[in-house]
$ cat data_12.txt   # compact mmCIF, C-alpha atoms
# COMPACT_ATOMS: atom_id res chain seq x y z
CA MET G 1 27.84 -17.74 -1.32
CA ILE G 2 28.85 -16.46 2.09
CA LEU G 3 32.21 -18.25 2.29
CA LYS G 4 34.76 -17.24 -0.30
CA LEU G 5 37.67 -19.54 -1.06
CA LEU G 6 40.46 -17.72 -2.84
CA GLN G 7 43.68 -18.90 -4.44
CA PRO G 8 46.01 -15.88 -4.34
CA THR G 9 49.46 -16.26 -5.83
CA SER G 10 52.59 -16.31 -3.67
CA ALA G 11 53.66 -12.94 -5.03
CA PHE G 12 50.27 -11.44 -4.20
CA LEU G 13 50.47 -12.74 -0.63
CA LEU G 14 53.97 -11.37 -0.16
CA ILE G 15 52.93 -7.90 -1.37
CA LEU G 16 49.87 -8.04 0.87
CA PHE G 17 51.96 -9.00 3.89
CA LEU G 18 54.65 -6.37 3.40
CA PHE G 19 52.54 -3.36 2.53
CA SER G 20 49.17 -3.78 4.20
CA SER G 21 48.79 -1.56 7.28
CA THR G 22 45.47 -3.19 8.09
CA GLY G 23 46.72 -6.77 8.42
CA PHE G 24 47.87 -8.70 11.45
CA ALA G 25 50.05 -11.81 11.19
CA GLN G 26 51.43 -14.46 13.51
CA GLY G 27 52.97 -17.75 12.51
CA ASP G 28 51.68 -18.56 9.03
CA LEU G 29 48.29 -16.91 9.54
CA MET G 30 47.57 -13.40 8.30
CA ILE G 31 44.31 -11.67 9.22
CA MET G 32 42.81 -8.59 7.57
CA PRO G 33 41.62 -6.29 8.95
CA LYS G 34 43.26 -6.36 12.38
CA ARG G 35 40.15 -5.00 14.14
CA LEU G 36 36.43 -4.62 13.41
CA VAL G 37 34.31 -1.67 14.50
CA PHE G 38 30.53 -1.52 14.04
CA ASP G 39 29.62 2.13 14.56
CA GLY G 40 26.76 2.87 12.17
CA THR G 41 24.29 1.11 9.96
CA GLN G 42 26.58 -1.82 9.15
CA ARG G 43 25.11 -5.18 10.05
CA SER G 44 27.91 -7.43 8.82
CA GLN G 45 31.61 -7.32 8.06
CA GLU G 46 34.20 -9.76 6.77
CA ILE G 47 37.60 -10.97 7.93
CA ASN G 48 40.07 -12.45 5.46
CA LEU G 49 42.30 -15.28 6.66
CA ILE G 50 45.40 -16.14 4.63
CA ASN G 51 47.72 -19.09 5.13
CA THR G 52 51.12 -17.74 4.10
CA GLY G 53 52.87 -21.03 4.90
CA SER G 54 53.78 -24.04 2.79
CA ASP G 55 51.64 -26.57 4.72
CA SER G 56 47.91 -26.93 5.24
CA ALA G 57 46.61 -25.61 8.55
CA THR G 58 43.39 -25.78 10.56
CA TYR G 59 42.15 -22.96 12.78
CA ALA G 60 39.34 -23.00 15.33
CA ILE G 61 37.50 -19.70 15.79
CA SER G 62 35.96 -18.63 19.09
CA ILE G 63 35.17 -15.53 21.13
CA VAL G 64 37.20 -14.58 24.19
CA GLN G 65 37.06 -11.65 26.61
CA TYR G 66 40.05 -9.51 27.54
CA LYS G 67 40.70 -6.55 29.75
CA MET G 68 43.54 -4.16 29.07
CA THR G 69 45.94 -3.33 31.88
CA GLU G 70 47.30 0.15 32.44
CA LYS G 71 50.55 -1.04 30.82
CA GLY G 72 48.70 -2.07 27.65
CA ASN G 73 48.82 -5.83 28.19
CA PHE G 74 45.76 -8.06 27.81
CA GLU G 75 44.42 -10.43 30.44
CA GLU G 76 41.61 -12.91 29.80
CA VAL G 77 38.51 -12.45 31.97
CA THR G 78 35.17 -14.21 32.29
CA GLU G 79 33.14 -11.39 33.84
CA PRO G 80 33.14 -7.76 32.74
CA GLU G 81 34.72 -5.17 35.00
CA GLU G 82 32.76 -2.10 36.06
CA ASP G 83 31.74 -0.11 32.97
CA GLN G 84 33.02 -2.85 30.64
CA ARG G 85 30.55 -4.40 28.20
CA PHE G 86 31.08 -7.59 26.20
CA ALA G 87 29.93 -7.79 22.58
CA THR G 88 29.45 -11.59 22.66
CA ASP G 89 25.65 -11.62 22.91
CA TYR G 90 25.31 -9.42 19.84
CA LEU G 91 27.66 -11.24 17.45
CA ARG G 92 27.22 -14.17 15.11
CA TYR G 93 30.10 -15.51 13.04
CA TYR G 94 30.72 -18.35 10.63
CA PRO G 95 32.40 -20.64 9.95
CA ARG G 96 33.66 -21.76 13.37
CA GLN G 97 36.61 -23.63 11.89
CA VAL G 98 38.61 -23.25 8.69
CA VAL G 99 41.09 -25.45 6.86
CA LEU G 100 43.52 -23.54 4.67
CA GLY G 101 45.88 -25.07 2.16
CA PRO G 102 49.22 -23.43 1.37
CA LYS G 103 48.73 -19.86 0.11
CA GLU G 104 44.96 -20.25 0.45
CA ALA G 105 42.57 -17.64 1.83
CA GLN G 106 39.03 -17.70 3.19
CA THR G 107 36.50 -15.18 4.40
CA VAL G 108 34.82 -15.27 7.81
CA ARG G 109 31.64 -13.22 8.16
CA ILE G 110 30.69 -11.39 11.36
CA GLN G 111 27.07 -10.28 11.81
CA LEU G 112 25.30 -8.17 14.42
CA THR G 113 22.22 -9.63 16.07
CA ARG G 114 19.72 -8.52 18.74
CA THR G 115 21.10 -4.98 18.94
CA GLY G 116 17.75 -3.19 19.02
CA ASN G 117 17.89 -2.18 22.69
CA LEU G 118 21.59 -1.48 23.20
CA GLU G 119 22.49 1.15 25.78
CA GLN G 120 24.71 3.95 24.54
CA GLY G 121 28.41 3.20 24.74
CA GLU G 122 30.87 0.60 23.58
CA TYR G 123 30.80 -3.20 23.59
CA ARG G 124 33.97 -5.24 22.95
CA SER G 125 34.91 -8.91 22.60
CA HIS G 126 37.78 -10.60 20.75
CA LEU G 127 37.70 -13.16 17.95
CA TYR G 128 40.32 -15.79 18.69
CA PHE G 129 41.92 -17.92 15.97
CA ARG G 130 43.69 -20.96 17.38
CA ALA G 131 45.84 -23.31 15.34
CA ILE G 132 44.82 -26.95 15.72
CA GLU G 133 47.81 -29.26 15.86
CA LYS G 134 47.85 -32.21 13.48
CA GLN G 135 47.54 -35.51 15.34
CA THR G 136 50.15 -38.23 14.82
CA ALA G 137 48.85 -41.78 14.65
CA LEU G 138 50.16 -44.16 17.35
CA GLY G 139 51.58 -46.50 14.76
CA GLU G 140 53.87 -43.79 13.37
CA LEU G 141 56.33 -43.82 16.30
CA ASN G 142 59.92 -44.45 15.23
CA SER G 143 62.16 -47.12 16.78
CA GLU G 144 63.82 -44.72 19.22
CA GLN G 145 60.44 -43.63 20.55
CA ALA G 146 59.26 -47.24 20.80
CA ASP G 147 62.21 -48.25 23.01
CA GLY G 148 61.74 -45.50 25.56
CA ILE G 149 59.78 -42.45 26.60
CA SER G 150 59.63 -39.57 24.14
CA ILE G 151 58.38 -36.09 24.98
CA ASN G 152 57.53 -33.85 22.06
CA ILE G 153 56.62 -30.26 22.93
CA LYS G 154 55.02 -28.20 20.19
CA THR G 155 53.90 -24.60 20.33
CA VAL G 156 50.27 -24.05 19.39
CA PHE G 157 49.70 -20.35 18.79
CA GLY G 158 46.61 -18.21 18.75
CA ILE G 159 45.87 -14.76 17.44
CA SER G 160 42.97 -12.49 18.38
CA ILE G 161 41.44 -9.29 17.07
CA PRO G 162 38.95 -6.97 18.80
CA VAL G 163 35.37 -6.69 17.59
CA ILE G 164 33.76 -3.46 18.80
CA ILE G 165 30.14 -2.31 18.69
CA ARG G 166 29.49 1.38 19.26
CA GLU G 167 26.06 2.74 20.04
CA GLY G 168 25.35 6.46 20.12
CA SER G 169 27.69 9.43 19.98
CA SER G 170 31.15 9.41 21.49
CA THR G 171 31.83 11.58 24.55
CA THR G 172 35.47 10.51 24.75
CA SER G 173 38.34 12.94 25.19
CA ILE G 174 42.09 12.42 25.64
CA GLU G 175 44.75 14.23 27.66
CA LEU G 176 48.49 13.46 27.55
CA SER G 177 50.33 13.92 30.84
CA GLY G 178 53.27 12.71 32.94
CA ILE G 179 55.78 13.28 30.13
CA GLU G 180 59.37 12.31 31.00
CA LEU G 181 62.62 11.71 29.16
CA ASN G 182 65.02 9.09 30.52
CA LYS G 183 68.33 7.74 29.28
CA GLU G 184 68.73 3.96 29.49
CA GLU G 185 72.22 2.90 28.40
CA GLU G 186 72.48 4.38 24.89
CA GLU G 187 68.73 4.80 24.38
CA ILE G 188 66.45 7.76 25.06
CA ILE G 189 63.06 6.67 26.39
CA LEU G 190 59.97 8.87 26.35
CA SER G 191 57.32 8.02 28.96
CA LEU G 192 53.84 9.46 29.24
CA ILE G 193 50.30 8.75 30.38
CA ILE G 194 47.33 8.68 28.00
CA ASN G 195 44.27 9.74 30.01
CA ARG G 196 40.86 8.76 28.62
CA THR G 197 37.45 10.00 29.70
CA GLY G 198 34.08 9.28 28.10
CA ASN G 199 32.09 6.32 26.85
CA MET G 200 34.27 4.85 24.07
CA SER G 201 37.80 3.63 23.44
CA VAL G 202 40.45 5.28 21.29
CA TYR G 203 42.83 3.82 18.73
CA GLY G 204 45.46 5.43 16.55
CA GLU G 205 49.10 6.41 16.22
CA LEU G 206 51.34 8.33 18.59
CA SER G 207 54.08 10.46 17.05
CA VAL G 208 56.83 12.60 18.55
CA GLU G 209 58.64 15.44 16.85
CA HIS G 210 61.43 17.69 18.05
CA ILE G 211 61.03 21.41 17.44
CA SER G 212 64.39 23.19 17.58
CA PRO G 213 64.77 26.81 18.75
CA ASP G 214 64.95 27.89 15.09
CA GLY G 215 61.67 26.09 14.30
CA THR G 216 63.06 23.00 12.55
CA ASN G 217 60.83 19.94 12.99
CA THR G 218 62.31 16.43 13.15
CA GLU G 219 60.22 13.30 13.71
CA ILE G 220 61.91 11.16 16.35
CA GLY G 221 59.26 8.55 17.12
CA LYS G 222 56.05 6.95 15.92
CA VAL G 223 53.99 4.03 17.20
CA ARG G 224 50.93 2.72 15.37
CA GLY G 225 48.07 0.71 16.82
CA MET G 226 47.94 2.54 20.16
CA ALA G 227 44.68 1.80 21.99
CA VAL G 228 43.08 2.69 25.30
CA TYR G 229 40.07 0.42 25.71
CA THR G 230 37.09 0.93 27.96
CA PRO G 231 36.77 0.89 30.90
CA ASN G 232 40.41 1.99 31.33
CA THR G 233 40.86 5.65 32.16
CA LYS G 234 44.60 5.72 31.51
CA ARG G 235 47.48 3.90 29.85
CA ASP G 236 51.12 4.16 30.85
CA PHE G 237 53.33 4.08 27.80
CA SER G 238 57.04 4.25 27.00
CA MET G 239 58.79 4.34 23.65
CA LYS G 240 62.35 4.51 22.34
CA LEU G 241 63.08 7.71 20.43
CA GLN G 242 64.75 7.50 17.01
CA ASN G 243 67.25 9.72 15.20
CA VAL G 244 68.23 11.39 18.48
CA GLU G 245 71.85 11.65 17.32
CA LEU G 246 70.70 14.25 14.79
CA ILE G 247 69.26 16.70 17.32
CA ASP G 248 70.05 18.43 20.60
CA LEU G 249 67.61 17.18 23.23
CA THR G 250 68.71 19.87 25.67
CA LYS G 251 67.09 22.62 23.61
CA GLY G 252 63.75 23.31 22.01
CA LYS G 253 60.63 21.26 22.74
CA LEU G 254 58.88 18.00 21.93
CA ASN G 255 55.47 17.94 20.28
CA ILE G 256 53.55 14.73 21.02
CA ILE G 257 50.52 14.00 18.85
CA TYR G 258 47.95 11.22 19.24
CA LYS G 259 45.57 10.86 16.30
CA THR G 260 43.32 8.28 14.65
CA GLU G 261 44.40 6.29 11.59
CA GLU G 262 42.22 8.66 9.56
CA GLY G 263 44.13 11.68 10.89
CA LYS G 264 41.64 13.01 13.45
CA LEU G 265 43.42 14.60 16.41
CA LEU G 266 42.80 12.81 19.71
CA GLY G 267 45.29 14.57 21.96
CA GLU G 268 48.40 16.75 21.81
CA ALA G 269 51.01 17.96 24.30
CA LYS G 270 54.23 19.96 24.20
CA PHE G 271 57.22 19.26 26.45
CA ASP G 272 59.87 21.92 27.00
CA LEU G 273 63.46 20.66 26.95
CA LYS G 274 65.98 22.09 29.40
$ encode --input "data_12.txt" --output "structure tokens"
Amino acid sequence: MILKLLQPTSAFLLILFLFSSTGFAQGDLMIMPKRLVFDGTQRSQEINLINTGSDSATYAISIVQYKMTEKGNFEEVTEPEEDQRFATDYLRYYPRQVVLGPKEAQTVRIQLTRTGNLEQGEYRSHLYFRAIEKQTALGELNSEQADGISINIKTVFGISIPVIIREGSSTTSIELSGIELNKEEEEIILSLIINRTGNMSVYGELSVEHISPDGTNTEIGKVRGMAVYTPNTKRDFSMKLQNVELIDLTKGKLNIIYKTEEGKLLGEAKFDLK
């Protein structure tokens, strides 16, 4: 069987939601993992969908294309930008629609196809999961609605995850630049630029630690899930620093580290405080 219908308990779902670093949730839908990368001999992978709500829900699955802005936002596009490659033509997925009861889970399988002549580099598209609103029969209008005009606005949400195909060896390198500290009201904001060169994207966590003149290290910031997708060559990023009341930001230096989820160093920079 390709499709797996599971019946996890409520307690299991709660533990999964709170402690999984690989999941991604919005509304009552949880998706694991939150991104797929094909970078070797793998020909298929699976995505687990979990309905954490108390009502049944239906989700339509499709493929969409996004570009990342220099601020890290996503904008839908129909044609690839220069040096951007879509993965659409090399992906097959099923099912295309799922119905999940309360606390139910199901597996969606993603397969590679027609990848024999891929050029070296990275290909990216996004799987989009859109909630389908339940339709109300015309005869179910109440008396107040029948006597006048009723407008009912409901939010229909969608959630997407990237699917990436990598062919060949990575030539990507990262440099951190443009580091600044700014005070906004009672907050200290660190700004920097992540510069990317090479043929593939990067993804990982960005951490900041303060090194005092006596050598004491204090972590004052961490952001997970930081990506710079092709074809972008840079990303402008700002983050609020934590625990700043415990240190003197007029002395010492900041050490900024960007590394993969597996711990591989992508880029590092030091910023002298004055």
$ closest_residue --input "data_12.txt" --among "G:Ile164, G:Glu186, G:Pro231, G:Ser238" --to "Glu82 (chain G)" --atoms "all atoms listed in the file"
G:Pro231
$ closest_residue --input "data_12.txt" --among "G:Pro213, G:Gly198, G:Gly252, G:Gly40" --to "Glu175 (chain G)" --atoms "only C-alpha atoms"
G:Gly198
$ residues_around --input "data_12.txt" --residues "Ile188 (chain G)" --least-positions-apart "6" --cutoff "8 Å" --atoms "all atoms listed in the file" --output "list of chain:residue names"
G:Leu181, G:Asn182, G:Lys240, G:Leu241, G:Val244
$ residues_around --input "data_12.txt" --residues "Gln120 (chain G)" --least-positions-apart "3" --cutoff "9 Å" --atoms "only C-alpha atoms" --output "VMD selection string"
chain G and resid 166 to 170 199
$ closest_residue --input "data_12.txt" --among "G:Glu219, G:Glu184, G:Glu209, G:Glu75" --to "Ile256 (chain G)" --atoms "all atoms listed in the file"
G:Glu209
